[in-house]
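**Student:** Would you mind keeping the following structure in view while I ask a few things?
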Amino acid sequence: MKILVITDLYPIKNEEKSTPRTIYDFVRGWKNLGHEIRVIKPNFLFNSFIRKKPFYKSGIYGDVENINYFLPFLGNIKSKIRTDFEPDITIAHMPSGLIFANKLKRQFVAGVHVSDLEVLTNPIYSVYFKHELELAYKNAKKIACRSEVLRKKFLAIFPEYEPKTFVAYSGIDEKLIVKKEWQKKDKYKVLACANLIARKNIDKVILECEKYDNIELTIIGEGKERHKLESLSAKPIFLGYLPHDKVLEEMRKSDIFLLPSRNETFGMVYLEAMASGCITVCTENDGIAGIIKDKENGYFWRDGIVGEIINSGRQNFVLDNTYKTIAEYTQEKACKNYLNQIFTS
């Protein structure tokens, strides 16, 4: 099958640190399944500069065509496209991707991320983007919500689209999955990994772990909150930015993964922590909460959660369920699920 992916959430170069690899992982998975993929990355330049995204000139970079626009896709957008590709289906993600795909007047699938809900509900976008995004969802063949939590939030706005919505969850590389048993220790390793920004709530993690003498907290990530977070306690070990393989090494050495983040689209890092054999804690009713079940295969964040976990006697029960859960969320299964949902009536 020939698939055209349209999104600005895509790295041009592999070494990009600031661009999430969510859609890249789907593309790689679909290629592994034998599909032919091309990617168009439409950039509304003002938005790109505001969000401090890496800048690239318009042009074709391997299988990706980067197209810059000074105005938000007004006029004849087709005139700038150099990619000669006739897809069987077009899949669009992020607001700019959806608006761009809709203006091409071809059949497409529309993704739903947290950023889409922001455009739909924040008055600042009401002049142009909200209307264009609403048109895109109306015209889409199917609507792919990145989590069950997002699907519920989206349908609260557009209940009429329920028949064409589905959950397009992410998956983990099956080779990364390990099975661990809980070992009683004098000191337990707790890990947090995130961009160090306010909505990740790393301050709550630090203050929670501060209560316990038998906890060693390690924090991976960089961001504008780092200096403030370091001032809260001298106990946490800050490792800064680490490449992906080193992050996974730290996860495998850890017992508990804590990230009470809010407004997550999905949260691939939680799947990685689960695959690494960590007891994983997320925020209730956010992102991956549709996969993690409280006290079953992980926990929801609350005050005292670390003490609850280490004193529960349920650790191996939770880890066993974690292993069973993650086996259902492999990259291959996620990629097949996405395409199967598109062509299910």
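We name chains A, B, ... following the order of the structure tokens; residues begin at 1 in each chain, and ligands are numbered from 1 as shown.
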Would you pick out the contacts of Lys80 in chain A at 9 Å or less, using only C-alpha atoms, so that residues sharing its chain but fewer than 6 positions from it are not included, and give the list as a short mmCIF file (atom, residue, chain, number, x, y, z; two decimals) with C-alpha atoms, in the first residue's frame?

**Tutor:**
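Dumped everything to part.cif:
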```
data_model
loop_
_atom_site.label_atom_id
_atom_site.label_comp_id
_atom_site.auth_asym_id
_atom_site.auth_seq_id
_atom_site.Cartn_x
_atom_site.Cartn_y
_atom_site.Cartn_z
CA SER A 58 12.00 23.84 1.62
CA ILE A 67 7.58 22.88 2.70
CA ASN A 68 7.70 26.31 4.37
#
```

**Student:** Can you list, as a list of chain:residue names, every protein, DNA or RNA residue that comes within 9 Å of Ser18 in chain A when you count only C-alpha atoms, leaving out same-chain residues fewer than 4 positions away?

**Tutor:**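 So, after excluding close chain neighbours, the residues are A:Pro11, A:Lys52, A:Lys53, A:Pro54.
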
**Student:** Name the residues of range 69-293 of chain A that come out as strand (DSSP E or B) in a backbone DSSP run; write them as a ChimeraX atom specification.

**Tutor:** /A:69,89-92,108-112,142-145,165-167,172,188-193,215-220,237-240,256-258,279-282

**Student:** Write out, as a PDB file, in the first residue's frame, the residues just selected, with C-alpha atoms.

**Tutor:**
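Saved file selection.pdb follows:
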```pdb
ATOM      1  CA  TYR A  69       4.794  28.751   4.252  1.00  0.00           C
ATOM      2  CA  ILE A  89      -4.487   6.731   1.705  1.00  0.00           C
ATOM      3  CA  THR A  90      -3.287   9.979   3.287  1.00  0.00           C
ATOM      4  CA  ILE A  91      -2.719  10.165   7.045  1.00  0.00           C
ATOM      5  CA  ALA A  92      -2.428  13.605   8.642  1.00  0.00           C
ATOM      6  CA  PHE A 108      -7.474  11.397   4.449  1.00  0.00           C
ATOM      7  CA  VAL A 109      -7.351  10.201   8.063  1.00  0.00           C
ATOM      8  CA  ALA A 110      -7.116  12.918  10.734  1.00  0.00           C
ATOM      9  CA  GLY A 111      -5.146  12.457  13.949  1.00  0.00           C
ATOM     10  CA  VAL A 112      -6.097  13.923  17.331  1.00  0.00           C
ATOM     11  CA  LYS A 142     -11.571   8.437   9.871  1.00  0.00           C
ATOM     12  CA  ILE A 143     -10.336  10.178  13.018  1.00  0.00           C
ATOM     13  CA  ALA A 144      -7.388   8.613  14.848  1.00  0.00           C
ATOM     14  CA  CYS A 145      -7.235   9.628  18.526  1.00  0.00           C
ATOM     15  CA  THR A 165     -13.149   7.656  15.556  1.00  0.00           C
ATOM     16  CA  PHE A 166     -10.686   5.057  16.792  1.00  0.00           C
ATOM     17  CA  VAL A 167      -7.681   4.892  19.124  1.00  0.00           C
ATOM     18  CA  ILE A 172       7.169  -0.479  21.761  1.00  0.00           C
ATOM     19  CA  TYR A 188      15.018   1.557  45.740  1.00  0.00           C
ATOM     20  CA  LYS A 189      15.791   3.358  42.496  1.00  0.00           C
ATOM     21  CA  VAL A 190      13.152   5.806  41.254  1.00  0.00           C
ATOM     22  CA  LEU A 191      13.410   7.393  37.791  1.00  0.00           C
ATOM     23  CA  ALA A 192      11.755  10.387  36.122  1.00  0.00           C
ATOM     24  CA  CYS A 193      12.433  11.225  32.476  1.00  0.00           C
ATOM     25  CA  ILE A 215      14.767   6.103  47.792  1.00  0.00           C
ATOM     26  CA  GLU A 216      17.381   7.172  45.243  1.00  0.00           C
ATOM     27  CA  LEU A 217      15.833   9.510  42.643  1.00  0.00           C
ATOM     28  CA  THR A 218      17.383   9.985  39.197  1.00  0.00           C
ATOM     29  CA  ILE A 219      16.067  12.606  36.769  1.00  0.00           C
ATOM     30  CA  ILE A 220      16.774  12.540  33.027  1.00  0.00           C
ATOM     31  CA  ILE A 237      20.740  12.825  40.613  1.00  0.00           C
ATOM     32  CA  PHE A 238      20.296  15.017  37.499  1.00  0.00           C
ATOM     33  CA  LEU A 239      21.717  13.344  34.383  1.00  0.00           C
ATOM     34  CA  GLY A 240      20.585  15.947  31.860  1.00  0.00           C
ATOM     35  CA  ILE A 256       9.787   2.705  39.899  1.00  0.00           C
ATOM     36  CA  PHE A 257       9.106   5.245  37.146  1.00  0.00           C
ATOM     37  CA  LEU A 258       7.286   8.422  38.218  1.00  0.00           C
ATOM     38  CA  ILE A 279       6.383  -0.103  38.219  1.00  0.00           C
ATOM     39  CA  THR A 280       5.033   2.900  36.329  1.00  0.00           C
ATOM     40  CA  VAL A 281       3.040   5.851  37.704  1.00  0.00           C
ATOM     41  CA  CYS A 282       1.065   8.281  35.522  1.00  0.00           C
TER      42      CYS A 282
END
```

**Student:** If we count only C-alpha atoms and set the cut-off at 10 Å, which residues sit around Glu332 in chain A, ignoring sequence neighbours fewer than 5 positions away in its own chain? Please answer as a count of residues only.

**Tutor:** 12

**Student:** Which residue out of A:Lys200, A:Lys180, A:Arg82, A:Lys211 has the minimum interatomic distance to Glu264 in chain A when only C-alpha atoms are used?

**Tutor:** A:Lys200

**Student:** Find the residue from A:Met94, A:Ile288, A:Val27, A:Ala273 that sits nearest to Thr7 in chain A; use only C-alpha atoms when measuring.

**Tutor:**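 Nearest candidate to Thr7 in chain A out of A:Met94, A:Ile288, A:Val27, A:Ala273: A:Met94.
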
**Student:** Find the distance between CA of Pro87 in chain A and CA of Arg106 in chain A and write it in Å to one decimal.

**Tutor:** 9.8 Å

**Student:** For a quick check of understanding, using only C-alpha atoms, which of A:Arg226, A:Lys78, A:His113, A:Lys336 has the smallest distance to Asn195 in chain A?

**Tutor:**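 That would be A:Arg226, the residue with the smallest distance to Asn195 in chain A.
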
**Student:** Would you mind telling me which residue in A:Glu284, A:Glu65, A:Gln315, A:Glu230 lies nearest to Glu296 in chain A when using only C-alpha atoms?

**Tutor:**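 Looking at the shortest contact to Glu296 in chain A, the residue is A:Gln315.
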
**Student:** Could you give me, as a ChimeraX atom specification, the residues within 10 Å of Thr19 in chain A, counting only C-alpha atoms and dropping anything in the same chain fewer than 5 positions from it?

**Tutor:** /A:8-14,24,53-54

**Student:** Expressed in Å to a single decimal, how great is the separation between CA of Gln341 in chain A and CA of Met268 in chain A?

**Tutor:**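 For CA of Gln341 in chain A relative to CA of Met268 in chain A, the distance reads 20.6 Å.
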
**Student:** To one decimal in Å, tell me the separation between CA of Leu4 in chain A and CA of Thr83 in chain A.

**Tutor:**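 Going from CA of Leu4 in chain A over to CA of Thr83 in chain A, I get 10.1 Å.
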
**Student:** Give me, as a list of chain:residue names, all polymer residues having an atom no more than 10 Å from Leu117 in chain A, counting only C-alpha atoms and skipping those fewer than 4 positions away in the same chain.

**Tutor:**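 Neighbouring residues, sequence-local ones excluded: A:Pro95, A:Val112, A:His113, A:Thr121, A:Asn122, A:Lys130, A:Leu133, A:Leu150, A:Lys153, A:Phe154, A:Ile157.
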
**Student:** What residues in range 27-123 of chain A get the DSSP label helix (DSSP H, G or I)? Please answer as an NGL selection string.

**Tutor:** :A and (27-32 or 45-50 or 77-80 or 95-103 or 114-121 or 123)

**Student:** Find, counting only C-alpha atoms, the residue in A:Glu225, A:Glu308, A:Asp84, A:Glu148 that gets nearest to Tyr212 in chain A.

**Tutor:**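 The answer is A:Glu308, which sits nearest to Tyr212 in chain A.
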
**Student:** Ranking A:Tyr329, A:Val205, A:Gln183, A:Lys138 by minimum distance to Thr283 in chain A and counting only C-alpha atoms, which one comes first?

**Tutor:** A:Val205
